[in-house]
$ cat structure39.pdb   # PDB, C-alpha atoms
ATOM      1  CA  GLN A   1      56.202  -4.916 -36.018
ATOM      2  CA  VAL A   2      53.493  -7.245 -37.157
ATOM      3  CA  GLU A   3      51.592  -6.490 -40.311
ATOM      4  CA  LEU A   4      47.951  -7.356 -40.441
ATOM      5  CA  THR A   5      46.255  -8.821 -43.443
ATOM      6  CA  ALA A   6      43.202  -7.109 -44.912
ATOM      7  CA  SER A   7      40.806  -9.632 -43.350
ATOM      8  CA  SER A   8      42.473  -9.214 -39.930
ATOM      9  CA  LYS A   9      42.145  -5.426 -40.196
ATOM     10  CA  GLN A  10      38.444  -5.739 -41.050
ATOM     11  CA  LEU A  11      37.879  -8.106 -38.120
ATOM     12  CA  LEU A  12      39.726  -5.761 -35.734
ATOM     13  CA  GLU A  13      37.750  -2.738 -36.944
ATOM     14  CA  LYS A  14      34.484  -4.664 -36.510
ATOM     15  CA  ARG A  15      35.405  -5.589 -32.925
ATOM     16  CA  LEU A  16      36.333  -1.975 -32.132
ATOM     17  CA  VAL A  17      32.977  -0.786 -33.459
ATOM     18  CA  ASP A  18      31.215  -3.479 -31.362
ATOM     19  CA  VAL A  19      33.080  -2.343 -28.257
ATOM     20  CA  GLU A  20      32.163   1.298 -28.903
ATOM     21  CA  LYS A  21      28.485   0.371 -29.290
ATOM     22  CA  ARG A  22      28.356  -1.418 -25.930
ATOM     23  CA  GLU A  23      27.343   0.653 -22.937
ATOM     24  CA  ASN A  24      30.139   1.458 -20.578
ATOM     25  CA  PRO A  25      29.085   0.804 -16.960
ATOM     26  CA  PHE A  26      31.579   3.405 -15.728
ATOM     27  CA  THR A  27      30.055   6.357 -17.561
ATOM     28  CA  TYR A  28      26.910   8.293 -16.724
ATOM     29  CA  ASP A  29      24.460   9.528 -19.281
ATOM     30  CA  ASP A  30      23.061  12.762 -17.891
ATOM     31  CA  ASN A  31      20.131  13.015 -20.260
ATOM     32  CA  LEU A  32      17.314  13.031 -17.698
ATOM     33  CA  SER A  33      13.797  12.442 -18.862
ATOM     34  CA  LEU A  34      10.964  14.753 -17.845
ATOM     35  CA  TRP A  35       9.725  12.121 -15.360
ATOM     36  CA  GLU A  36      13.165  11.856 -13.710
ATOM     37  CA  LEU A  37      13.374  15.640 -13.412
ATOM     38  CA  PHE A  38       9.912  15.668 -11.818
ATOM     39  CA  LYS A  39      10.998  13.020  -9.290
ATOM     40  CA  CYS A  40      14.098  15.066  -8.406
ATOM     41  CA  LEU A  41      11.996  18.193  -7.923
ATOM     42  CA  LEU A  42       9.480  16.244  -5.841
ATOM     43  CA  GLY A  43      12.290  14.946  -3.628
ATOM     44  CA  ILE A  44      13.764  18.405  -3.180
ATOM     45  CA  VAL A  45      10.364  19.759  -2.126
ATOM     46  CA  SER A  46       9.159  16.814  -0.017
ATOM     47  CA  VAL A  47      12.225  16.406   2.223
ATOM     48  CA  PRO A  48      11.978  19.875   3.830
ATOM     49  CA  VAL A  49       8.195  19.514   4.122
ATOM     50  CA  LYS A  50       8.633  16.158   5.880
ATOM     51  CA  LEU A  51      11.268  17.612   8.228
ATOM     52  CA  ILE A  52       8.993  20.531   9.122
ATOM     53  CA  LEU A  53       6.042  18.172   9.731
ATOM     54  CA  ILE A  54       8.107  15.841  11.913
ATOM     55  CA  THR A  55       9.468  18.787  13.903
ATOM     56  CA  LEU A  56       5.981  20.212  14.469
ATOM     57  CA  LEU A  57       4.541  16.833  15.448
ATOM     58  CA  LEU A  58       7.388  16.164  17.878
ATOM     59  CA  LEU A  59       7.032  19.645  19.347
ATOM     60  CA  ILE A  60       3.324  19.038  20.010
ATOM     61  CA  CYS A  61       4.202  15.599  21.386
ATOM     62  CA  TYR A  62       6.768  17.240  23.687
ATOM     63  CA  ILE A  63       4.216  19.782  24.958
ATOM     64  CA  LEU A  64       1.697  17.031  25.701
ATOM     65  CA  ALA A  65       4.382  14.938  27.425
ATOM     66  CA  LYS A  66       5.425  17.963  29.486
ATOM     67  CA  LEU A  67       1.792  18.444  30.530
ATOM     68  CA  ALA A  68       1.482  14.736  31.342
ATOM     69  CA  THR A  69       4.541  14.817  33.617
ATOM     70  CA  SER A  70       3.678  18.113  35.328
ATOM     71  CA  CYS A  71       0.470  19.935  36.272
ATOM     72  CA  GLY A  72      -0.074  17.756  39.319
ATOM     73  CA  PHE A  73      -0.262  14.452  37.434
ATOM     74  CA  ASP A  74       1.611  11.707  39.253
ATOM     75  CA  ALA A  75       4.028  10.198  36.736
ATOM     76  CA  THR A  76       4.733   7.245  39.027
ATOM     77  CA  LYS A  77       1.146   5.980  38.844
ATOM     78  CA  PRO A  78       0.167   3.723  35.971
ATOM     79  CA  LEU A  79      -1.654   5.397  33.092
ATOM     80  CA  SER A  80      -4.819   3.467  33.917
ATOM     81  CA  GLU A  81      -5.148   5.318  37.254
ATOM     82  CA  SER A  82      -4.930   8.856  35.867
ATOM     83  CA  ALA A  83      -7.604   9.688  33.296
ATOM     84  CA  PRO A  84      -6.278  13.140  32.230
ATOM     85  CA  ARG A  85      -2.751  11.795  31.905
ATOM     86  CA  ARG A  86      -3.987   8.772  29.953
ATOM     87  CA  TYR A  87      -5.871  11.113  27.609
ATOM     88  CA  LEU A  88      -2.731  13.196  26.990
ATOM     89  CA  MET A  89      -0.633  10.110  26.342
ATOM     90  CA  ASN A  90      -3.235   8.738  23.909
ATOM     91  CA  LEU A  91      -2.858  11.991  21.975
ATOM     92  CA  ASP A  92       0.910  11.403  22.048
ATOM     93  CA  ILE A  93       0.394   7.928  20.586
ATOM     94  CA  MET A  94      -1.627   9.397  17.719
ATOM     95  CA  LEU A  95       1.107  11.974  17.098
ATOM     96  CA  ILE A  96       3.777   9.271  17.087
ATOM     97  CA  ARG A  97       1.710   7.355  14.523
ATOM     98  CA  ALA A  98       1.537  10.543  12.455
ATOM     99  CA  VAL A  99       5.347  10.861  12.633
ATOM    100  CA  ALA A 100       5.683   7.253  11.478
ATOM    101  CA  PHE A 101       3.321   8.036   8.583
ATOM    102  CA  VAL A 102       5.418  11.036   7.547
ATOM    103  CA  LEU A 103       8.526   8.824   7.705
ATOM    104  CA  GLY A 104       6.883   6.377   5.299
ATOM    105  CA  VAL A 105       5.469   3.737   7.653
ATOM    106  CA  TYR A 106       1.903   3.819   6.365
ATOM    107  CA  TRP A 107       0.409   0.873   8.184
ATOM    108  CA  ILE A 108       1.776  -2.027  10.165
ATOM    109  CA  GLU A 109      -0.215  -5.213   9.872
ATOM    110  CA  VAL A 110      -0.290  -7.496  12.862
ATOM    111  CA  GLU A 111      -0.789 -11.152  12.083
ATOM    112  CA  GLY A 112      -2.408 -13.490  14.516
ATOM    113  CA  LYS A 113      -4.300 -12.743  17.686
ATOM    114  CA  ARG A 114      -2.860 -10.304  20.194
ATOM    115  CA  ALA A 115      -2.403 -11.869  23.613
ATOM    116  CA  LYS A 116      -3.938 -10.254  26.667
ATOM    117  CA  THR A 117      -1.622  -8.551  29.121
ATOM    118  CA  SER A 118      -2.498 -11.137  31.762
ATOM    119  CA  GLU A 119      -1.425 -13.956  29.400
ATOM    120  CA  ALA A 120       1.795 -12.359  28.157
ATOM    121  CA  PRO A 121       2.865  -9.381  30.288
ATOM    122  CA  ILE A 122       6.246  -8.974  28.558
ATOM    123  CA  VAL A 123       7.092  -8.186  24.946
ATOM    124  CA  VAL A 124      10.743  -8.274  23.903
ATOM    125  CA  PHE A 125      12.099  -6.367  20.904
ATOM    126  CA  ALA A 126      15.663  -7.544  20.612
ATOM    127  CA  PRO A 127      18.082  -6.891  19.130
ATOM    128  CA  HIS A 128      16.914  -3.589  17.773
ATOM    129  CA  SER A 129      19.200  -1.446  15.703
ATOM    130  CA  THR A 130      17.412   1.904  15.492
ATOM    131  CA  MET A 131      15.113   4.143  17.495
ATOM    132  CA  LEU A 132      12.366   3.373  14.979
ATOM    133  CA  ASP A 133      11.859  -0.039  16.578
ATOM    134  CA  ALA A 134      10.429   1.641  19.672
ATOM    135  CA  TRP A 135       8.171   3.789  17.478
ATOM    136  CA  VAL A 136       6.887   0.645  15.784
ATOM    137  CA  ALA A 137       6.126  -0.851  19.218
ATOM    138  CA  ILE A 138       4.160   2.271  20.136
ATOM    139  CA  HIS A 139       2.392   2.157  16.774
ATOM    140  CA  VAL A 140       1.336  -1.482  17.205
ATOM    141  CA  MET A 141       0.860  -1.847  20.958
ATOM    142  CA  GLY A 142      -0.106   1.574  22.214
ATOM    143  CA  LEU A 143       2.233   2.796  24.912
ATOM    144  CA  PRO A 144       4.241  -0.053  26.393
ATOM    145  CA  SER A 145       6.610   0.621  29.244
ATOM    146  CA  GLY A 146      10.166  -0.065  28.243
ATOM    147  CA  ILE A 147      13.761  -0.029  29.394
ATOM    148  CA  ALA A 148      16.240   2.537  28.099
ATOM    149  CA  LYS A 149      19.735   3.676  28.919
ATOM    150  CA  ALA A 150      19.837   6.518  31.434
ATOM    151  CA  SER A 151      21.496   8.968  29.045
ATOM    152  CA  LEU A 152      18.314   9.056  26.912
ATOM    153  CA  ALA A 153      16.481  10.809  29.752
ATOM    154  CA  LYS A 154      18.794  13.808  29.274
ATOM    155  CA  LEU A 155      17.923  14.374  25.606
ATOM    156  CA  PRO A 156      16.365  17.824  25.147
ATOM    157  CA  MET A 157      12.859  17.007  23.835
ATOM    158  CA  LEU A 158      12.805  13.241  23.597
ATOM    159  CA  GLY A 159      13.825  12.825  27.250
ATOM    160  CA  THR A 160      10.563  14.411  28.377
ATOM    161  CA  ILE A 161       8.576  12.206  26.001
ATOM    162  CA  PHE A 162      10.403   9.129  27.315
ATOM    163  CA  LYS A 163       9.710  10.134  30.926
ATOM    164  CA  ALA A 164       6.025  10.640  30.147
ATOM    165  CA  ALA A 165       5.931   7.156  28.596
ATOM    166  CA  GLN A 166       7.248   5.849  31.927
ATOM    167  CA  LEU A 167      10.380   4.230  30.548
ATOM    168  CA  ILE A 168      12.622   2.583  33.106
ATOM    169  CA  PHE A 169      16.035   4.219  32.798
ATOM    170  CA  VAL A 170      19.002   1.970  33.480
ATOM    171  CA  ASP A 171      22.538   3.144  34.143
ATOM    172  CA  ARG A 172      24.911   0.729  32.424
ATOM    173  CA  LYS A 173      27.900   1.543  34.612
TER     174      LYS A 173
END
$ encode --input "structure39.pdb" --output "structure tokens"
Amino acid sequence: QVELTASSKQLLEKRLVDVEKRENPFTYDDNLSLWELFKCLLGIVSVPVKLILITLLLLICYILAKLATSCGFDATKPLSESAPRRYLMNLDIMLIRAVAFVLGVYWIEVEGKRAKTSEAPIVVFAPHSTMLDAWVAIHVMGLPSGIAKASLAKLPMLGTIFKAAQLIFVDRK
């Protein structure tokens, strides 16, 4: 055993006190302030409200898409040739923008001048990693026609919306 001198003991005790005063990054202090509690409560309330709003907006979007693909409207014709169908799809675009707003996409700024369709008939969004990329395209450009895998046409509600938007479904096999 090693005996410590009085000065060594004082130095060791001082270092132990310094270590105890430092914050430990591996511990959590659960003393929440009133503001943090309010934020937690706001999150608990806003998430279900957002989910209900998104569900309602998508349900209305589905009904409009179902009307646009049935009721005698020819889904193979371009939107520009069918005024009632174009009107329904413009309502769908507004609903999709409302869904984006509820998701937190408040406004998308477009820099530069948008090219005319005759100048640049193709827009490529690649590689995209989520379904939100298509929603951003709809938000910015209106209702572009796109390419999607064939299995998306079989989705319960979204498949009808995709068909109304005249997506080209491709079988990857």
$ residues_around --input "structure39.pdb" --residues "Leu53 (chain A)" --least-positions-apart "3" --cutoff "10 Å" --atoms "all atoms listed in the file" --output "MDAnalysis selection string"
chainID A and resid 47:50 56:59 98:99 102:103
$ closest_residue --input "structure39.pdb" --among "A:Leu42, A:Ala120, A:Leu64, A:Leu34" --to "Phe162 (chain A)" --atoms "all atoms listed in the file"
A:Leu64
$ atom_distance --input "structure39.pdb" --atom1 "CA of Asp171 (chain A)" --atom2 "CA of Cys61 (chain A)"
25.6 Å
$ closest_residue --input "structure39.pdb" --among "A:Glu111, A:Asp92, A:Glu36, A:Asp133" --to "Ala165 (chain A)" --atoms "only C-alpha atoms"
A:Asp92
$ resolve_selection --input "structure39.pdb" --expression "the PyMOL selection byres ((chain A and resi 163) around 10)" --output "list in words"
Ala65, Lys66, Ala68, Thr69, Ala75, Thr76, Leu152, Ala153, Lys154, Leu158, Gly159, Thr160, Ile161, Phe162, Ala164, Ala165, Gln166, Leu167, Ile168 and Phe169 of chain A
$ atom_distance --input "structure39.pdb" --atom1 "CA of Leu95 (chain A)" --atom2 "CA of Ile60 (chain A)"
8.0 Å
$ closest_residue --input "structure39.pdb" --among "A:Ile96, A:Thr5, A:Tyr62, A:Thr117" --to "Leu155 (chain A)" --atoms "all atoms listed in the file"
A:Tyr62
$ closest_residue --input "structure39.pdb" --among "A:Ala137, A:Phe101, A:Ser151, A:Leu51" --to "Val123 (chain A)" --atoms "all atoms listed in the file"
A:Ala137
$ atom_distance --input "structure39.pdb" --atom1 "CA of Arg97 (chain A)" --atom2 "CA of Phe38 (chain A)"
28.8 Å
$ closest_residue --input "structure39.pdb" --among "A:Ala115, A:Ala100, A:Val170, A:Leu41" --to "Gly146 (chain A)" --atoms "all atoms listed in the file"
A:Val170
$ closest_residue --input "structure39.pdb" --among "A:Leu32, A:Met89, A:Ala126, A:Leu11" --to "Ile63 (chain A)" --atoms "all atoms listed in the file"
A:Met89
$ build_atoms --input "structure39.pdb" --residues "region 60-72 of chain A" --atoms "N, CA, C and O atoms" --output "PDB file, in the frame of the given file"
ATOM      1  N   ILE A  60       4.629  19.226  19.365  1.00  0.00           N
ATOM      2  CA  ILE A  60       3.324  19.038  20.010  1.00  0.00           C
ATOM      3  C   ILE A  60       3.375  17.853  20.964  1.00  0.00           C
ATOM      4  O   ILE A  60       2.849  17.905  22.081  1.00  0.00           O
ATOM      5  N   CYS A  61       4.040  16.781  20.538  1.00  0.00           N
ATOM      6  CA  CYS A  61       4.202  15.599  21.386  1.00  0.00           C
ATOM      7  C   CYS A  61       4.960  15.957  22.665  1.00  0.00           C
ATOM      8  O   CYS A  61       4.605  15.518  23.760  1.00  0.00           O
ATOM      9  N   TYR A  62       5.982  16.786  22.532  1.00  0.00           N
ATOM     10  CA  TYR A  62       6.768  17.240  23.687  1.00  0.00           C
ATOM     11  C   TYR A  62       5.892  18.048  24.645  1.00  0.00           C
ATOM     12  O   TYR A  62       5.943  17.846  25.862  1.00  0.00           O
ATOM     13  N   ILE A  63       5.082  18.953  24.109  1.00  0.00           N
ATOM     14  CA  ILE A  63       4.216  19.782  24.958  1.00  0.00           C
ATOM     15  C   ILE A  63       3.222  18.908  25.715  1.00  0.00           C
ATOM     16  O   ILE A  63       3.006  19.083  26.924  1.00  0.00           O
ATOM     17  N   LEU A  64       2.632  17.935  25.027  1.00  0.00           N
ATOM     18  CA  LEU A  64       1.697  17.031  25.701  1.00  0.00           C
ATOM     19  C   LEU A  64       2.404  16.181  26.756  1.00  0.00           C
ATOM     20  O   LEU A  64       1.859  15.932  27.837  1.00  0.00           O
ATOM     21  N   ALA A  65       3.619  15.732  26.458  1.00  0.00           N
ATOM     22  CA  ALA A  65       4.382  14.938  27.425  1.00  0.00           C
ATOM     23  C   ALA A  65       4.761  15.794  28.628  1.00  0.00           C
ATOM     24  O   ALA A  65       4.746  15.321  29.771  1.00  0.00           O
ATOM     25  N   LYS A  66       5.095  17.052  28.385  1.00  0.00           N
ATOM     26  CA  LYS A  66       5.425  17.963  29.486  1.00  0.00           C
ATOM     27  C   LYS A  66       4.202  18.169  30.374  1.00  0.00           C
ATOM     28  O   LYS A  66       4.308  18.173  31.607  1.00  0.00           O
ATOM     29  N   LEU A  67       3.033  18.327  29.759  1.00  0.00           N
ATOM     30  CA  LEU A  67       1.792  18.444  30.530  1.00  0.00           C
ATOM     31  C   LEU A  67       1.500  17.165  31.311  1.00  0.00           C
ATOM     32  O   LEU A  67       1.034  17.213  32.452  1.00  0.00           O
ATOM     33  N   ALA A  68       1.771  16.025  30.693  1.00  0.00           N
ATOM     34  CA  ALA A  68       1.482  14.736  31.342  1.00  0.00           C
ATOM     35  C   ALA A  68       2.409  14.470  32.524  1.00  0.00           C
ATOM     36  O   ALA A  68       2.036  13.739  33.443  1.00  0.00           O
ATOM     37  N   THR A  69       3.607  15.055  32.508  1.00  0.00           N
ATOM     38  CA  THR A  69       4.541  14.817  33.617  1.00  0.00           C
ATOM     39  C   THR A  69       4.533  15.948  34.634  1.00  0.00           C
ATOM     40  O   THR A  69       5.209  15.875  35.643  1.00  0.00           O
ATOM     41  N   SER A  70       3.779  17.009  34.368  1.00  0.00           N
ATOM     42  CA  SER A  70       3.678  18.113  35.328  1.00  0.00           C
ATOM     43  C   SER A  70       2.202  18.362  35.613  1.00  0.00           C
ATOM     44  O   SER A  70       1.370  17.474  35.446  1.00  0.00           O
ATOM     45  N   CYS A  71       1.869  19.534  36.022  1.00  0.00           N
ATOM     46  CA  CYS A  71       0.470  19.935  36.272  1.00  0.00           C
ATOM     47  C   CYS A  71      -0.214  19.041  37.307  1.00  0.00           C
ATOM     48  O   CYS A  71      -1.411  18.779  37.212  1.00  0.00           O
ATOM     49  N   GLY A  72       0.525  18.533  38.251  1.00  0.00           N
ATOM     50  CA  GLY A  72      -0.074  17.756  39.319  1.00  0.00           C
ATOM     51  C   GLY A  72      -0.360  16.307  38.990  1.00  0.00           C
ATOM     52  O   GLY A  72      -0.851  15.571  39.836  1.00  0.00           O
TER      53      GLY A  72
END
